[in-house]
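Just below is one structure, and these are the notes that go with it.
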Amino acid sequence: MFGKKRSISIHFVDENITAESFIEGESLLDMAMRNKWEVPFSCGGYGTCGTCRVFVSPESSGLSERNEIENEFAEMRGFQVHERLACQI
């Protein structure tokens, strides 16, 4: 069950869209889907396909650290520190 809203600013550069809040416990992919924004994915948000890969600004703050799933995927695919999976953030 998702919790209260938390303020964090996310800007989708390609779409020129800015989001100001997440619901606690939802991923970036969940938030994008809730707002009907196009973020590709094919594994259902389980961190296994990599199609929801996003690039985060080095100045980004307030995002969760990579979890075990994302760490394993990033290592396997050679992600740089700024490459993340929207389904795991």
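Scheme for the structure tokens: letters A, B, ... for chains in order shown; per-chain residue numbers from 1; ligand numbers from 1 in order shown.
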Open item on the list: as a list of chain:residue names, please: the residues near Val56 in chain A (cut-off 9 Å, only C-alpha atoms, same-chain neighbours under 3 positions excluded).
Closed with: A:Glu59, A:Ser60, A:Val81, A:His82, A:Glu83, A:Arg84
Task: strand (DSSP E or B) per DSSP on the backbone: members of range 17-70 of chain A, as number ranges by chain - done: A: 17-23, 53-55
Could you take the residues named above and write them with C-alpha atoms, as a compact mmCIF listing (two decimals), in the first residue's frame?
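What follows is the written file selection33.txt:
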# COMPACT_ATOMS: atom_id res chain seq x y z
CA ILE A 17 7.52 17.59 -18.04
CA THR A 18 8.21 18.23 -14.37
CA ALA A 19 6.72 16.25 -11.49
CA GLU A 20 6.75 17.67 -8.00
CA SER A 21 5.67 14.76 -5.83
CA PHE A 22 5.81 11.03 -5.38
CA ILE A 23 3.57 8.88 -3.29
CA ARG A 53 16.56 2.95 -18.21
CA VAL A 54 16.78 6.65 -17.42
CA PHE A 55 19.68 9.04 -17.01
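Distance check against Arg66 in chain A using only C-alpha atoms: of A:Thr51, A:Glu24, A:Ile89, A:Ala32, the minimum falls on A:Ile89.
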TODO: Write out as a ChimeraX atom specification which residues come within 9 Å of range 34-48 of chain A when counting only C-alpha atoms, dropping same-chain ones fewer than 2 positions away.
DONE: /A:15,17,19,27,29-32,50-53,69-70,73,85-88
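With CA of Glu68 in chain A on one side and CA of Glu26 in chain A on the other, the separation reads 16.9 Å.
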